[in-house]
Amino acid sequence: MKSIASAPGKIILFGEHFVVHGTKAILAAINKRVTVTSAFTDNNTIKVNSELGTLEVPISSLYEEAKGEFRPFVYLANKMINSNQNVNGLEITIDSDIPVGVGLGSSSACCVAAAGSIFGLFKEWSSEEILKISIEAEKTIFPDTSGADCTVCTYGGMIEYPSIEKIGNTFDLNLLITNSMIPHSTKNSVEKVNKFKENNEERFSQLCDLETKLIDEVITAMKDNDTTTFGLKMSENQKYLEEIQVSNDTLRSMIGSLKEVSLGSKITGAGDGGCVIALVRDENMDKVPTLLPKDKECFSAKIDTKGVEWKREK
Ligand code: PMV
């Protein structure tokens, strides 16, 4: 028997970094997904197959001993094995169409789908349970996570985190994602922002207040079907991200190139590389490839209303 779960990647539309310090954030699941398949084996090992390589360790191995990117899977396997006596081995296979390390939620979607798949070997679970376990798994590589990414990957749609209620009235956003092709480390960027906060306490607190106000204005703009304001707020949010120093020349130049065709654009995710999102008018979509350097990948994202999904197969 195989247990198969899938979860969507995500973009952060507003509020990355500030959300780690307690503000709200607006996130959306996107139509790129990761699928995790788990099955019992008799090999006395935990085996993980992914595009990053293969790991096979004795079933008694602890997650702390595993290499960084494999830790969440070994953590989840440990947790499941500890609560179930008769497991002689486990094989976990990850298939993903989410680019890795560029802020599109690859690691969170993997944690959510792996939690669903591994625990699905034994029992039916609730989204709440899977969210809790997936955040624990993500903490094995990134202890300071706000939990926002795993939340949207679990529930899907667009949410105003920490609420899991889906924002129903999203107008037909034409969101363009451009990948700088520079991998980033969320952990390093978050640490850098922590230093900024330590050295500029008062300003950081003002920026958190400004971000909260901006998110309230975005929610109103969505209710009013006001795409122009939505775009302007994206660019305003980018200014806050520039101020906390998670941008760089490449990202600024990509944002500059998209200016003439977009209503607004900004980093999505931790920054220092990764992706930029832009709100582009339909009639301008054709012009986009000519504006960006050839080495950047871009695609138009649709909001995925489906969160984690799960099934068993013989
Ligand atoms: O890992 P990324 O690039 O999707 O960024 C995560 C978003 C942060 O706000 C920077 C961190 C967090 O845990 O919310």
# chains A, B, ... in the order shown; residues from 1 in each chain; ligands from 1
call {"tool": "residues_near_ligand", "arguments": {"ligand": "ligand 1", "cutoff": "6 Å", "atoms": "only C-alpha atoms and all ligand atoms", "output": "compact mmCIF listing (two decimals) with N, CA and C atoms, in the first residue's frame"}}
result
# COMPACT_ATOMS: atom_id res chain seq x y z
N GLU A 16 6.24 39.44 4.20
CA GLU A 16 7.35 38.57 4.57
C GLU A 16 8.31 39.31 5.52
N HIS A 17 9.03 38.58 6.28
CA HIS A 17 9.94 39.06 7.32
C HIS A 17 9.20 39.70 8.49
N VAL A 19 6.27 39.30 9.30
CA VAL A 19 5.41 38.26 9.89
C VAL A 19 6.17 37.45 10.95
N VAL A 20 7.49 37.33 10.79
CA VAL A 20 8.30 36.61 11.80
C VAL A 20 8.26 37.38 13.13
N GLY A 103 12.16 30.77 -2.69
CA GLY A 103 11.06 31.47 -2.02
C GLY A 103 9.68 31.10 -2.50
N LEU A 104 9.54 29.97 -3.21
CA LEU A 104 8.21 29.57 -3.68
C LEU A 104 7.62 28.44 -2.83
N GLY A 105 8.18 28.26 -1.64
CA GLY A 105 7.56 27.35 -0.68
C GLY A 105 7.90 25.89 -0.89
N THR A 145 10.95 29.74 11.83
CA THR A 145 9.85 29.92 10.86
C THR A 145 8.60 30.51 11.51
N SER A 146 7.95 31.42 10.79
CA SER A 146 6.71 32.01 11.31
C SER A 146 5.56 30.99 11.24
N GLY A 147 5.71 29.99 10.38
CA GLY A 147 4.63 29.01 10.18
C GLY A 147 3.66 29.43 9.09
N ALA A 148 3.85 30.64 8.55
CA ALA A 148 2.91 31.15 7.54
C ALA A 148 2.95 30.30 6.26
N THR A 186 16.79 31.25 3.59
CA THR A 186 15.79 31.95 4.40
C THR A 186 16.37 32.23 5.80
N VAL A 190 16.68 35.87 7.47
CA VAL A 190 15.92 36.16 8.70
C VAL A 190 16.88 36.62 9.81
N GLY A 269 8.96 36.31 -0.54
CA GLY A 269 9.78 35.40 0.28
C GLY A 269 10.94 36.15 0.92
N ALA A 270 11.97 35.40 1.26
CA ALA A 270 13.04 35.94 2.10
C ALA A 270 13.90 37.01 1.41
call {"tool": "residues_around", "arguments": {"residues": "segment 294-299 of chain A", "least_positions_apart": "3", "cutoff": "10 Å", "atoms": "only C-alpha atoms", "output": "PyMOL selection string"}}
result
chain A and resi 175-182+254+275-277+288-291+302
call {"tool": "write_last_selection", "arguments": {"atoms": "C-alpha atoms", "output": "tab-separated table (two decimals), in the first residue's frame"}}
result
chain	number	residue	atom	x	y	z
A	175	LEU	CA	0.67	37.55	-11.16
A	176	LEU	CA	3.97	37.15	-12.88
A	177	ILE	CA	6.74	35.35	-11.01
A	178	THR	CA	10.31	36.00	-12.10
A	179	ASN	CA	13.11	33.85	-10.76
A	180	SER	CA	16.43	35.67	-10.28
A	181	MET	CA	18.06	32.21	-10.41
A	182	ILE	CA	20.01	33.21	-7.29
A	254	MET	CA	14.38	43.06	-12.34
A	275	CYS	CA	11.83	35.55	-6.90
A	276	VAL	CA	10.10	38.82	-7.70
A	277	ILE	CA	6.32	39.02	-8.23
A	288	VAL	CA	7.44	40.66	-20.48
A	289	PRO	CA	10.02	38.27	-22.04
A	290	THR	CA	11.64	41.11	-24.01
A	291	LEU	CA	12.14	43.17	-20.85
A	302	LYS	CA	-2.54	30.98	-10.78
call {"tool": "atom_distance", "arguments": {"atom1": "atom CA of Ile141 of chain A", "atom2": "atom CA of Val102 of chain A"}}
result
15.6 Å
call {"tool": "select_by_dssp", "arguments": {"residues": "segment 203-294 of chain A", "states": "alpha helix (DSSP H)", "output": "ChimeraX atom specification"}}
result
/A:203-223,227-243,249-258,288-291
call {"tool": "write_last_selection", "arguments": {"atoms": "N, CA and C atoms", "output": "compact mmCIF listing (two decimals), in the first residue's frame"}}
result
# COMPACT_ATOMS: atom_id res chain seq x y z
N ARG A 203 12.80 52.16 14.53
CA ARG A 203 12.39 52.16 13.12
C ARG A 203 11.74 50.83 12.74
N PHE A 204 12.29 49.74 13.26
CA PHE A 204 11.73 48.43 12.91
C PHE A 204 10.29 48.32 13.42
N SER A 205 10.06 48.86 14.62
CA SER A 205 8.71 48.81 15.16
C SER A 205 7.76 49.68 14.31
N GLN A 206 8.29 50.84 13.84
CA GLN A 206 7.46 51.67 12.93
C GLN A 206 7.14 50.91 11.65
N LEU A 207 8.15 50.21 11.12
CA LEU A 207 7.94 49.47 9.86
C LEU A 207 6.89 48.37 10.05
N CYS A 208 6.91 47.71 11.22
CA CYS A 208 5.88 46.69 11.50
C CYS A 208 4.49 47.33 11.50
N ASP A 209 4.38 48.52 12.11
CA ASP A 209 3.08 49.22 12.12
C ASP A 209 2.66 49.60 10.70
N LEU A 210 3.64 50.08 9.91
CA LEU A 210 3.32 50.46 8.52
C LEU A 210 2.86 49.25 7.72
N GLU A 211 3.51 48.09 7.95
CA GLU A 211 3.14 46.87 7.22
C GLU A 211 1.71 46.45 7.59
N THR A 212 1.37 46.56 8.88
CA THR A 212 0.02 46.19 9.33
C THR A 212 -1.02 47.07 8.64
N LYS A 213 -0.71 48.38 8.59
CA LYS A 213 -1.64 49.34 7.97
C LYS A 213 -1.78 49.02 6.47
N LEU A 214 -0.65 48.75 5.85
CA LEU A 214 -0.64 48.46 4.41
C LEU A 214 -1.51 47.23 4.10
N ILE A 215 -1.39 46.20 4.95
CA ILE A 215 -2.17 44.98 4.71
C ILE A 215 -3.68 45.26 4.86
N ASP A 216 -4.04 46.09 5.83
CA ASP A 216 -5.45 46.48 5.97
C ASP A 216 -5.93 47.18 4.69
N GLU A 217 -5.07 48.05 4.15
CA GLU A 217 -5.45 48.78 2.92
C GLU A 217 -5.58 47.84 1.72
N VAL A 218 -4.72 46.81 1.68
CA VAL A 218 -4.79 45.83 0.58
C VAL A 218 -6.12 45.07 0.65
N ILE A 219 -6.53 44.70 1.86
CA ILE A 219 -7.79 43.95 2.02
C ILE A 219 -8.95 44.82 1.52
N THR A 220 -8.92 46.12 1.87
CA THR A 220 -9.97 47.02 1.38
C THR A 220 -9.90 47.12 -0.14
N ALA A 221 -8.70 47.24 -0.69
CA ALA A 221 -8.56 47.35 -2.15
C ALA A 221 -9.14 46.11 -2.84
N MET A 222 -8.93 44.95 -2.24
CA MET A 222 -9.47 43.72 -2.86
C MET A 222 -10.99 43.74 -2.82
N LYS A 223 -11.55 44.21 -1.67
CA LYS A 223 -13.02 44.28 -1.56
C LYS A 223 -13.57 45.21 -2.63
N THR A 227 -7.46 47.15 -8.47
CA THR A 227 -6.14 46.57 -8.80
C THR A 227 -5.03 47.61 -8.75
N THR A 228 -5.37 48.86 -9.07
CA THR A 228 -4.33 49.91 -9.08
C THR A 228 -3.74 50.06 -7.68
N THR A 229 -4.63 50.17 -6.67
CA THR A 229 -4.13 50.32 -5.30
C THR A 229 -3.35 49.07 -4.87
N PHE A 230 -3.86 47.90 -5.26
CA PHE A 230 -3.17 46.64 -4.91
C PHE A 230 -1.73 46.69 -5.43
N GLY A 231 -1.56 47.11 -6.68
CA GLY A 231 -0.22 47.20 -7.28
C GLY A 231 0.65 48.21 -6.56
N LEU A 232 0.07 49.38 -6.26
CA LEU A 232 0.84 50.42 -5.56
C LEU A 232 1.32 49.92 -4.20
N LYS A 233 0.48 49.15 -3.54
CA LYS A 233 0.84 48.63 -2.21
C LYS A 233 1.98 47.61 -2.32
N MET A 234 2.01 46.87 -3.43
CA MET A 234 3.14 45.95 -3.63
C MET A 234 4.45 46.74 -3.68
N SER A 235 4.43 47.82 -4.44
CA SER A 235 5.66 48.62 -4.57
C SER A 235 6.02 49.30 -3.25
N GLU A 236 4.99 49.70 -2.49
CA GLU A 236 5.25 50.31 -1.18
C GLU A 236 5.87 49.28 -0.24
N ASN A 237 5.34 48.05 -0.29
CA ASN A 237 5.90 46.98 0.55
C ASN A 237 7.36 46.72 0.18
N GLN A 238 7.67 46.84 -1.13
CA GLN A 238 9.06 46.63 -1.56
C GLN A 238 9.99 47.64 -0.90
N LYS A 239 9.50 48.88 -0.72
CA LYS A 239 10.34 49.91 -0.07
C LYS A 239 10.71 49.47 1.35
N TYR A 240 9.75 48.87 2.06
CA TYR A 240 10.05 48.41 3.42
C TYR A 240 11.09 47.27 3.38
N LEU A 241 10.96 46.41 2.36
CA LEU A 241 11.92 45.30 2.25
C LEU A 241 13.31 45.81 1.89
N GLU A 242 13.34 46.87 1.07
CA GLU A 242 14.64 47.51 0.76
C GLU A 242 15.25 48.04 2.06
N GLU A 243 14.41 48.67 2.87
CA GLU A 243 14.93 49.30 4.08
C GLU A 243 15.52 48.27 5.06
N ASP A 249 21.07 44.35 -6.01
CA ASP A 249 21.05 45.01 -7.32
C ASP A 249 20.29 44.20 -8.37
N THR A 250 20.46 42.87 -8.34
CA THR A 250 19.78 42.03 -9.34
C THR A 250 18.26 42.16 -9.19
N LEU A 251 17.78 42.07 -7.95
CA LEU A 251 16.33 42.14 -7.72
C LEU A 251 15.80 43.53 -8.07
N ARG A 252 16.57 44.57 -7.70
CA ARG A 252 16.14 45.95 -8.02
C ARG A 252 16.07 46.14 -9.53
N SER A 253 17.05 45.57 -10.25
CA SER A 253 17.06 45.74 -11.69
C SER A 253 15.88 44.98 -12.33
N MET A 254 15.54 43.79 -11.80
CA MET A 254 14.38 43.06 -12.34
C MET A 254 13.10 43.86 -12.11
N ILE A 255 12.97 44.43 -10.89
CA ILE A 255 11.79 45.23 -10.57
C ILE A 255 11.72 46.45 -11.49
N GLY A 256 12.88 47.07 -11.72
CA GLY A 256 12.95 48.24 -12.61
C GLY A 256 12.53 47.87 -14.03
N SER A 257 12.97 46.71 -14.52
CA SER A 257 12.65 46.29 -15.90
C SER A 257 11.15 46.06 -16.08
N LEU A 258 10.49 45.64 -14.99
CA LEU A 258 9.06 45.31 -15.11
C LEU A 258 8.16 46.52 -14.88
N VAL A 288 6.57 41.00 -21.62
CA VAL A 288 7.44 40.66 -20.48
C VAL A 288 8.77 40.02 -20.89
N PRO A 289 8.74 38.95 -21.75
CA PRO A 289 10.02 38.27 -22.04
C PRO A 289 11.08 39.21 -22.63
N THR A 290 10.66 40.22 -23.38
CA THR A 290 11.64 41.11 -24.01
C THR A 290 12.28 42.05 -22.99
N LEU A 291 11.65 42.20 -21.84
CA LEU A 291 12.14 43.17 -20.85
C LEU A 291 13.16 42.57 -19.88
call {"tool": "residues_around", "arguments": {"residues": "Lys311 of chain A", "least_positions_apart": "6", "cutoff": "10 Å", "atoms": "only C-alpha atoms", "output": "list in words"}}
result
Lys2, Ser3, Ile4, Ala5, Ser6, Thr37, Gly116, Ser117, Gly120, Leu121 and Glu124 of chain A
call {"tool": "write_last_selection", "arguments": {"atoms": "C-alpha atoms", "output": "mmCIF file, in the first residue's frame"}}
result
data_model
loop_
_atom_site.group_PDB
_atom_site.id
_atom_site.type_symbol
_atom_site.label_atom_id
_atom_site.label_comp_id
_atom_site.auth_asym_id
_atom_site.auth_seq_id
_atom_site.Cartn_x
_atom_site.Cartn_y
_atom_site.Cartn_z
ATOM 1 C CA LYS A 2 1.185 3.492 -0.886
ATOM 2 C CA SER A 3 0.141 6.720 0.788
ATOM 3 C CA ILE A 4 0.338 9.711 -1.554
ATOM 4 C CA ALA A 5 -0.056 13.361 -0.542
ATOM 5 C CA SER A 6 0.484 16.576 -2.471
ATOM 6 C CA THR A 37 4.679 8.935 -1.849
ATOM 7 C CA GLY A 116 0.315 13.893 5.017
ATOM 8 C CA SER A 117 1.877 10.996 3.142
ATOM 9 C CA GLY A 120 -1.489 8.664 5.994
ATOM 10 C CA LEU A 121 0.151 5.221 6.057
ATOM 11 C CA GLU A 124 -6.795 9.527 8.335
#
call {"tool": "residues_around", "arguments": {"residues": "Ser108 of chain A", "least_positions_apart": "2", "cutoff": "7 Å", "atoms": "only C-alpha atoms", "output": "number ranges by chain"}}
result
A: 105-106, 110-112, 138, 149-150, 153
